[in-house]
Amino acid sequence: MSSQPMPDVAIRRAGAPHTSMFLRMLLRAAVLRRGRAASALLAMVVAAAATTAMLNLFVDVQAKLRKEFRNYGANVVVVAKDGQALPSDALDKVQSTLAGHGMAVPFAYVVARTPEGQSVVVSGTDLEQVRRLDSWWSVTFWPRATQDALVGVRAAAVVSPRGQPFDLSFHGRAIHLNPTGTLRTGAAEDSRVYLSLQDFENWTGVGPSTIEIAASGSPDEVNALIQKLAQSIPAVEVRPVRQIMEGEARVLGKTRATLLAAAVLIILTAALCVLSTLIGWVFDRRRDFAIMKALGASEKLIGGFFAAEAAVLGVVGAVIGFAIGVGVAAWIGRANFNAPVAPRFSVLPAVLVGSVAVALISAVLPIFLLRRVEPAMILRGE
Amino acid sequence: MFARLVYESFRRQKRRKLLAGVAITLGVGVATAMIAVATDIGDKISRELRTYGANLVVTPQEDTLDLQIGGVDLKPPSDGAYLNEADLPKIRGTFWHHNIVGFSPMLPLNVSADTGSGQKSVTLLGTYFSKQLSFGKENFVTGVRITHPWWKVQGAWPDDNSQDVLLGQSLAARVDRKPGDRIKVGGQPHRVAGVLSTGGAEDDQIVAPLALAQQILGKPGAVRRLYVSALTKPEDALARRDPKTMNAELFDRWYCSPYVTSIAYQLQEAIPHSHAEQIRQVAQNEGTVLSRIKGLMLLITLAALLASALAVSAAMATAIFERRTEVGLMKALGGGDVSVAALFFAEAALLALMGGVLGFAGGALLARAIGRSIFDSQITIEPVLFPVILAIAVIVTFAGSALAIRRAVKFDPVYALRGEA
């Protein structure tokens with residue numbers, strides 16, 4: 001009956017009253033079927049929230065985990081070639097190249113002797129920095145004053161078994177040290193004595209031979225840093241600590257892959273659940289569809305109406321879901337990494353487009369299926 | 001009659017049931033896969049963390065101080081004590097031997113090598129590459145290829161029973177040797193099987209089979225240090241306690257947990273006159289990283305469970321809203337609120353069970369696929385998960401339907417039948 005609309009009808013439909021009628025239909029449909037609209041919206045919101053949370057986490061977790069991996073300590077070492085001392089400006093150059101993207105700690109070593117003639121490795125370093133670089137060091141008390149020493153547990157048994165002050169000599173020069181704390185790492189550090197770099201240089205006159213660097217960033221950034229360091233200080237050897245870098249890359253890669261699989265699964269499920277909920281909803285309203293058609297609405301108008309309804313649902317659901325998803329991601333970040341995941345608004349367009357697309361598909365599909373059915377059949381309840 | 005109503009409802013409303021059923025199946029599938037992955041990820045990541053190398057080191061009890069700078073051993077080989085190589089396989093007899101991924105003995109000594117331009121003193125490190133050992137009836141393979149996975153060899157790994165050696169890459173460049181060349185070590189020529197790159201002190205050293213190092217040193221069976229790579233449980237309150245202050249029951253619990261400290265204790269028991277210590281750089285950080293990743297997966301799993309529960313609820317609510325006319329008809333024919341609700345709940349339960357079984361199977365397959373593609377190993381699915389998942393599916397479906405059923409039942413049949421729902 002409406003297959004051949006009169007031209008003047010078409011003109012009137014294009015006018016302003018039609019627009020307001022269209023909006024009124026949308027509004028009334030939502031208000032009159034609050035329950036149904038709410039459950040469709042709920043599905044939409046859940047899907048958008050899950051998607052937002054997973055995308056946010058996926059982008060942010062890498063940075064968060066990298067920070068955890070920096071607890072493994074230095075991933076780059078600068079050593080003098082052939083056992084000489086480093087150039088005196090090496091540390092400054094390293095610091096300026098790093099430009100705050102990590103920390104660099106100098107180490108100097110000599111083999112000193114106890115009064116009994118026992119050899120022991122003594123190291124001078126910046127103890128404040130080491131404390132941050134090597135967070136796994138188990139130290140009873142960090143030295144503060146000059147001539148205070150941090151003694152490894154195995155060295156302590158030799159140089160100062162009862163914790164008494166002790167003497168060491170290097171090339172005929174002696175130093176008197178107070179053991180303030182003991183150090184336990186399970187590695188070579190246990191057999192060493194650590195002093196502040198100043199005490200060490202005053203005593204031995206030997207400068208740092210190694211700079212340990214904990215550089216933050218991706219493997220590419222770290223490799224670029226290594227290149228830059230090697231260029232700016234030609235007299236030294238700069239090498240990555242492969243043990244640390246490879247372990248990090250491997251674990252991080254696997255974690256990200258798992259997270260990606262989880263994200264894909266969750267997003268797909270959420271989208272399919274929205275699809276099934278919305279298709280059910282639209283199918284259920286075939287009576288509205290039939291009445292509209294019986295009253296003379298064109299198929300295009302009906303399609304437009306349902307599509308507009310779906311789009312509104314998609315947009316509202318996406319916005320609410322985005323807000324909730326950002327909250328969930330922040331909560332997961334805080335609960336697990338003690339630092340919230342920063343909201344990424346770059347995710348919003350993707351979530352918005354995805355939501356509207358899913359909503360449109362689930363609205364248009366039933367309409368397409370019902371297109372050929374005579375309104376009278378539907379209204380009769382068949 | 002009740003059974004027939006349910007049966008007919010499924011037979012006649014295939015599309016509706018299918019939509020709700022798909023939602024439940026998907027929800028359950030994702031929940032199963034996520035729970036399976038989350039429960040197993042600790043184990044998987046723990047294995048990946050072994051890339052960081054050994055987390056335990058065993059040294060002789062009466063040893064003198066190490067003189068090590070930048071990984072170079074300055075201690076004279078005559079100095080200090082040694083472990084006995086013959087004791088090493090006993091590690092397989094400890095309580096947590098299944099958790100011990102591998103171990104590598106180390107014997108560093110100074111040798112003079114012919115560099116082409118005269119003799120030069122270099123460090124030769126004796127170790128296992130991938131040595132075949134046996135303990136009791138059990139055969140196993142261990143060595144640096146397992147415990148030090150970041151060691152890369154260009155050329156070939158030497159055989160553990162051969163006289164071949166590896167040259168560190170810096171040393172190889174200095175003395176100009178390639179794999180297949182010969183190098184004189186302590187007067188004897190040895191074939192260079194490969195060039196080793198580690199990013200550490202070994203780049204300047206010769207790495208040889210342990211037996212060869214012992215032979216050069218003239219001390220058969222001598223081992224300076226033993227690196228052990230073990231799967232451990234992150235440290236908790238019990239692990240931080242001193243075992244000496246524990247009562248018998250607590251001690252048993254500590255002993256039977258794979259903490260790095262209890263494995264160290266057992267290594268000390270297994271190897272006479274030894275001292276085992278955790279390598280804190282590896283062992284301590286492992287725990288933090290592991291607990292972070294586990295925590296992350298747990299929270300994501302929780303979020304996924306919540307999302308699937310809500311999605312299933314929404315699907316069920318939609319499915320029931322659709323059937324107000326039916327409810328009106330039933331009530332007009334004299335059906336009580338209780339019997340109508342019972343019908344809906346029975347249908348929901350049936351859907352939940354079917355969706356649950358299908359979803360569980362699908363989720364298990366998914367988890368396996370994830371395990372295989374990401375970790376190259378199977379993700380084990382605890383059988384106890386099946387009833388738990390089914391119960392959760394039924395509960396969630398009921399909870400999702402309850403509100404909708406209540407409203408459908410309370411609706412006046414007259415309005416429902418007139419189509420004013």
# chains A, B, ... in the order shown; residues from 1 in each chain; ligands from 1

$ residues_around --residues "Ala391 of chain B" --least-positions-apart "5" --cutoff "12 Å" --atoms "only C-alpha atoms" --output "ChimeraX atom specification"
/B:28,349,352-353,355-357,360,384-386,396-398

$ select_by_dssp --residues "segment 125-353 of chain A" --states "strand (DSSP E)" --output "MDAnalysis selection string"
chainID A and resid 125 138:139 148:152 166:170 173:184 192:196 210:215 236:240

$ residues_around --residues "Gln214 of chain B" --least-positions-apart "3" --cutoff "12 Å" --atoms "only C-alpha atoms" --output "list in words"
Pro77, Tyr82, Asn84, Glu85, Pro105, Met106, Leu107, Pro108, Leu109, Leu124, Leu125, Gly126, Thr127, Gln163, Ala208, Pro209, Leu210, Ala211, Leu217, Gly218, Lys219, Pro220, Gly221, Ala222, Val223 and Arg224 of chain B

$ write_last_selection --atoms "N, CA and C atoms" --output "PDB file, in the first residue's frame"
ATOM      1  N   PRO B  77      93.885 -21.186  41.592  1.00  0.00           N
ATOM      2  CA  PRO B  77      93.170 -22.465  41.646  1.00  0.00           C
ATOM      3  C   PRO B  77      93.583 -23.329  42.821  1.00  0.00           C
ATOM      4  N   TYR B  82      86.807 -27.414  47.116  1.00  0.00           N
ATOM      5  CA  TYR B  82      86.043 -27.824  45.943  1.00  0.00           C
ATOM      6  C   TYR B  82      84.869 -28.700  46.345  1.00  0.00           C
ATOM      7  N   ASN B  84      82.585 -32.058  45.143  1.00  0.00           N
ATOM      8  CA  ASN B  84      82.910 -33.284  44.429  1.00  0.00           C
ATOM      9  C   ASN B  84      81.878 -33.540  43.334  1.00  0.00           C
ATOM     10  N   GLU B  85      82.367 -33.673  42.121  1.00  0.00           N
ATOM     11  CA  GLU B  85      81.468 -33.863  40.981  1.00  0.00           C
ATOM     12  C   GLU B  85      80.576 -35.081  41.171  1.00  0.00           C
ATOM     13  N   PRO B 105      77.806 -27.229  36.840  1.00  0.00           N
ATOM     14  CA  PRO B 105      78.993 -27.014  37.661  1.00  0.00           C
ATOM     15  C   PRO B 105      79.944 -26.075  36.938  1.00  0.00           C
ATOM     16  N   MET B 106      80.728 -25.329  37.713  1.00  0.00           N
ATOM     17  CA  MET B 106      81.692 -24.411  37.110  1.00  0.00           C
ATOM     18  C   MET B 106      83.049 -24.641  37.757  1.00  0.00           C
ATOM     19  N   LEU B 107      84.084 -24.672  36.919  1.00  0.00           N
ATOM     20  CA  LEU B 107      85.445 -24.784  37.434  1.00  0.00           C
ATOM     21  C   LEU B 107      86.328 -23.825  36.634  1.00  0.00           C
ATOM     22  N   PRO B 108      86.552 -22.592  37.147  1.00  0.00           N
ATOM     23  CA  PRO B 108      87.410 -21.661  36.427  1.00  0.00           C
ATOM     24  C   PRO B 108      88.871 -21.883  36.785  1.00  0.00           C
ATOM     25  N   LEU B 109      89.782 -21.752  35.823  1.00  0.00           N
ATOM     26  CA  LEU B 109      91.202 -21.803  36.138  1.00  0.00           C
ATOM     27  C   LEU B 109      91.951 -20.968  35.112  1.00  0.00           C
ATOM     28  N   LEU B 124      90.055 -20.245  31.764  1.00  0.00           N
ATOM     29  CA  LEU B 124      89.346 -21.365  31.149  1.00  0.00           C
ATOM     30  C   LEU B 124      88.272 -21.819  32.121  1.00  0.00           C
ATOM     31  N   LEU B 125      87.054 -21.918  31.629  1.00  0.00           N
ATOM     32  CA  LEU B 125      85.926 -22.285  32.480  1.00  0.00           C
ATOM     33  C   LEU B 125      85.464 -23.684  32.091  1.00  0.00           C
ATOM     34  N   GLY B 126      85.513 -24.603  33.045  1.00  0.00           N
ATOM     35  CA  GLY B 126      85.021 -25.949  32.781  1.00  0.00           C
ATOM     36  C   GLY B 126      83.580 -26.069  33.236  1.00  0.00           C
ATOM     37  N   THR B 127      82.746 -26.688  32.404  1.00  0.00           N
ATOM     38  CA  THR B 127      81.334 -26.815  32.784  1.00  0.00           C
ATOM     39  C   THR B 127      80.696 -27.973  32.019  1.00  0.00           C
ATOM     40  N   GLN B 163      87.458 -33.186  23.770  1.00  0.00           N
ATOM     41  CA  GLN B 163      88.524 -32.258  24.174  1.00  0.00           C
ATOM     42  C   GLN B 163      88.316 -30.904  23.487  1.00  0.00           C
ATOM     43  N   ALA B 208      85.219 -24.879  28.368  1.00  0.00           N
ATOM     44  CA  ALA B 208      85.586 -26.239  27.988  1.00  0.00           C
ATOM     45  C   ALA B 208      84.744 -27.234  28.770  1.00  0.00           C
ATOM     46  N   PRO B 209      84.676 -28.485  28.316  1.00  0.00           N
ATOM     47  CA  PRO B 209      83.998 -29.506  29.113  1.00  0.00           C
ATOM     48  C   PRO B 209      84.647 -29.621  30.492  1.00  0.00           C
ATOM     49  N   LEU B 210      83.843 -29.908  31.510  1.00  0.00           N
ATOM     50  CA  LEU B 210      84.348 -29.953  32.884  1.00  0.00           C
ATOM     51  C   LEU B 210      85.525 -30.925  33.015  1.00  0.00           C
ATOM     52  N   ALA B 211      85.402 -32.096  32.368  1.00  0.00           N
ATOM     53  CA  ALA B 211      86.445 -33.118  32.500  1.00  0.00           C
ATOM     54  C   ALA B 211      87.786 -32.592  32.008  1.00  0.00           C
ATOM     55  N   LEU B 217      93.769 -28.974  35.380  1.00  0.00           N
ATOM     56  CA  LEU B 217      94.057 -28.585  36.760  1.00  0.00           C
ATOM     57  C   LEU B 217      94.740 -29.718  37.521  1.00  0.00           C
ATOM     58  N   GLY B 218      94.518 -30.950  37.064  1.00  0.00           N
ATOM     59  CA  GLY B 218      95.076 -32.096  37.764  1.00  0.00           C
ATOM     60  C   GLY B 218      94.287 -32.471  38.996  1.00  0.00           C
ATOM     61  N   LYS B 219      92.994 -32.087  39.037  1.00  0.00           N
ATOM     62  CA  LYS B 219      92.155 -32.451  40.182  1.00  0.00           C
ATOM     63  C   LYS B 219      90.877 -33.089  39.657  1.00  0.00           C
ATOM     64  N   PRO B 220      90.868 -34.403  39.465  1.00  0.00           N
ATOM     65  CA  PRO B 220      89.658 -35.044  38.955  1.00  0.00           C
ATOM     66  C   PRO B 220      88.502 -34.861  39.937  1.00  0.00           C
ATOM     67  N   GLY B 221      87.321 -34.594  39.400  1.00  0.00           N
ATOM     68  CA  GLY B 221      86.132 -34.481  40.243  1.00  0.00           C
ATOM     69  C   GLY B 221      85.953 -33.133  40.907  1.00  0.00           C
ATOM     70  N   ALA B 222      86.882 -32.170  40.653  1.00  0.00           N
ATOM     71  CA  ALA B 222      86.777 -30.890  41.357  1.00  0.00           C
ATOM     72  C   ALA B 222      85.761 -29.964  40.672  1.00  0.00           C
ATOM     73  N   VAL B 223      84.922 -29.314  41.504  1.00  0.00           N
ATOM     74  CA  VAL B 223      83.948 -28.337  41.020  1.00  0.00           C
ATOM     75  C   VAL B 223      84.010 -27.145  41.959  1.00  0.00           C
ATOM     76  N   ARG B 224      84.162 -25.954  41.381  1.00  0.00           N
ATOM     77  CA  ARG B 224      84.284 -24.776  42.233  1.00  0.00           C
ATOM     78  C   ARG B 224      82.917 -24.300  42.717  1.00  0.00           C
TER      79      ARG B 224
END

$ residues_around --residues "Cys256 of chain B" --least-positions-apart "2" --cutoff "12 Å" --atoms "only C-alpha atoms" --output "number ranges by chain"
B: 94-97, 99, 232-233, 238-239, 249-254, 258-263, 265-266

$ write_last_selection --atoms "N, CA and C atoms" --output "compact mmCIF listing (two decimals), in the first residue's frame"
# COMPACT_ATOMS: atom_id res chain seq x y z
N THR B 94 66.58 -35.14 45.76
CA THR B 94 65.98 -34.26 46.76
C THR B 94 64.47 -34.24 46.59
N PHE B 95 63.80 -33.73 47.63
CA PHE B 95 62.34 -33.71 47.65
C PHE B 95 61.75 -32.99 46.45
N TRP B 96 62.33 -31.86 46.08
CA TRP B 96 61.77 -31.04 45.01
C TRP B 96 62.49 -31.23 43.68
N HIS B 97 63.01 -32.47 43.43
CA HIS B 97 63.81 -32.63 42.23
C HIS B 97 63.03 -32.36 40.95
N ASN B 99 61.20 -29.92 40.49
CA ASN B 99 61.24 -28.47 40.26
C ASN B 99 62.60 -27.99 39.81
N THR B 232 60.46 -22.06 41.58
CA THR B 232 60.16 -21.81 42.99
C THR B 232 58.84 -21.09 43.14
N LYS B 233 58.39 -21.09 44.39
CA LYS B 233 57.15 -20.41 44.73
C LYS B 233 57.53 -19.03 45.27
N LEU B 238 55.80 -17.31 55.50
CA LEU B 238 56.44 -18.53 56.01
C LEU B 238 57.87 -18.64 55.48
N ALA B 239 58.05 -18.27 54.19
CA ALA B 239 59.37 -18.42 53.58
C ALA B 239 60.39 -17.50 54.23
N GLU B 249 55.89 -29.11 62.92
CA GLU B 249 54.81 -29.10 61.92
C GLU B 249 55.05 -28.01 60.88
N LEU B 250 55.42 -26.82 61.39
CA LEU B 250 55.68 -25.69 60.52
C LEU B 250 56.88 -25.98 59.62
N PHE B 251 57.89 -26.63 60.22
CA PHE B 251 59.09 -26.96 59.47
C PHE B 251 58.76 -27.89 58.31
N ASP B 252 57.88 -28.87 58.59
CA ASP B 252 57.48 -29.80 57.52
C ASP B 252 56.80 -29.04 56.38
N ARG B 253 55.95 -28.10 56.77
CA ARG B 253 55.25 -27.35 55.72
C ARG B 253 56.24 -26.53 54.90
N TRP B 254 57.19 -25.93 55.60
CA TRP B 254 58.21 -25.12 54.92
C TRP B 254 59.06 -26.01 54.01
N PRO B 258 57.97 -25.42 47.68
CA PRO B 258 59.14 -25.13 46.83
C PRO B 258 59.62 -23.69 46.95
N TYR B 259 59.85 -23.22 48.17
CA TYR B 259 60.47 -21.90 48.34
C TYR B 259 61.92 -22.02 47.92
N VAL B 260 62.50 -20.91 47.51
CA VAL B 260 63.90 -20.95 47.12
C VAL B 260 64.76 -21.30 48.34
N THR B 261 64.34 -20.86 49.53
CA THR B 261 65.13 -21.16 50.74
C THR B 261 65.05 -22.64 51.10
N SER B 262 63.88 -23.26 50.93
CA SER B 262 63.80 -24.67 51.31
C SER B 262 64.52 -25.55 50.28
N ILE B 263 64.51 -25.14 49.00
CA ILE B 263 65.27 -25.90 48.01
C ILE B 263 66.77 -25.77 48.31
N TYR B 265 68.08 -25.40 51.22
CA TYR B 265 68.30 -26.26 52.38
C TYR B 265 68.47 -27.72 51.95
N GLN B 266 67.59 -28.14 51.01
CA GLN B 266 67.65 -29.53 50.56
C GLN B 266 68.90 -29.80 49.71

$ residues_around --residues "segment 77-80 of chain A" --least-positions-apart "5" --cutoff "9 Å" --atoms "only C-alpha atoms" --output "number ranges by chain"
A: 85-87, 94, 209-214, 229-230, 235-241

$ write_last_selection --atoms "N, CA and C atoms" --output "short mmCIF file (atom, residue, chain, number, x, y, z; two decimals), in the first residue's frame"
data_model
loop_
_atom_site.label_atom_id
_atom_site.label_comp_id
_atom_site.auth_asym_id
_atom_site.auth_seq_id
_atom_site.Cartn_x
_atom_site.Cartn_y
_atom_site.Cartn_z
N ALA A 85 91.33 2.23 33.56
CA ALA A 85 90.29 3.03 34.20
C ALA A 85 89.48 3.74 33.12
N LEU A 86 88.24 4.08 33.47
CA LEU A 86 87.40 4.80 32.52
C LEU A 86 87.87 6.24 32.42
N PRO A 87 87.66 6.92 31.26
CA PRO A 87 87.94 8.35 31.19
C PRO A 87 87.15 9.07 32.29
N VAL A 94 77.69 9.60 30.11
CA VAL A 94 76.62 8.59 30.20
C VAL A 94 75.34 9.23 30.72
N SER A 209 85.95 1.69 37.05
CA SER A 209 86.27 0.93 35.85
C SER A 209 85.01 0.41 35.16
N THR A 210 83.88 0.51 35.83
CA THR A 210 82.64 0.00 35.28
C THR A 210 81.51 0.98 35.59
N ILE A 211 80.62 1.18 34.63
CA ILE A 211 79.39 1.92 34.92
C ILE A 211 78.23 0.99 34.60
N GLU A 212 77.40 0.74 35.59
CA GLU A 212 76.23 -0.10 35.36
C GLU A 212 75.04 0.79 35.11
N ILE A 213 74.30 0.49 34.04
CA ILE A 213 73.19 1.36 33.63
C ILE A 213 71.91 0.55 33.60
N ALA A 214 70.88 1.07 34.26
CA ALA A 214 69.54 0.49 34.13
C ALA A 214 68.76 1.43 33.23
N LEU A 229 75.93 5.60 23.16
CA LEU A 229 77.00 5.61 24.17
C LEU A 229 78.33 5.24 23.53
N ALA A 230 78.31 4.21 22.69
CA ALA A 230 79.54 3.75 22.06
C ALA A 230 80.14 4.85 21.21
N ALA A 235 86.45 5.40 23.92
CA ALA A 235 87.50 4.65 24.60
C ALA A 235 86.96 3.48 25.42
N VAL A 236 85.66 3.25 25.40
CA VAL A 236 85.10 2.22 26.28
C VAL A 236 84.33 1.17 25.47
N GLU A 237 84.01 0.11 26.18
CA GLU A 237 83.20 -0.94 25.59
C GLU A 237 81.82 -0.85 26.23
N VAL A 238 80.78 -0.77 25.42
CA VAL A 238 79.42 -0.72 25.94
C VAL A 238 78.73 -2.00 25.55
N ARG A 239 78.25 -2.76 26.52
CA ARG A 239 77.60 -3.99 26.13
C ARG A 239 76.30 -4.24 26.88
N PRO A 240 75.34 -4.84 26.21
CA PRO A 240 74.08 -5.15 26.87
C PRO A 240 74.27 -6.34 27.81
N VAL A 241 73.53 -6.38 28.89
CA VAL A 241 73.53 -7.56 29.75
C VAL A 241 72.49 -8.50 29.16
#

$ atom_distance --atom1 "atom CA of Val153 of chain A" --atom2 "atom CA of Val193 of chain A"
9.4 Å

$ closest_residue --among "A:Ser232, A:Gln129, A:Gln62, A:Ser169" --to "chain B" --atoms "only C-alpha atoms"
A:Gln62

$ residues_around --residues "Ala350 of chain A" --least-positions-apart "2" --cutoff "10 Å" --atoms "only C-alpha atoms" --output "ChimeraX atom specification"
/A:51-52,55,318,345-348,352-355

$ closest_residue --among "A:Pro165, A:Gly152, A:Pro115, A:Pro219" --to "chain B" --atoms "only C-alpha atoms"
A:Gly152

$ select_by_dssp --residues "segment 25-188 of chain B" --states "alpha helix (DSSP H)" --output "PyMOL selection string"
chain B and resi 25-49+144-147+169-175

$ atom_distance --atom1 "atom CA of Ala37 of chain A" --atom2 "atom CA of Ala311 of chain A"
13.0 Å
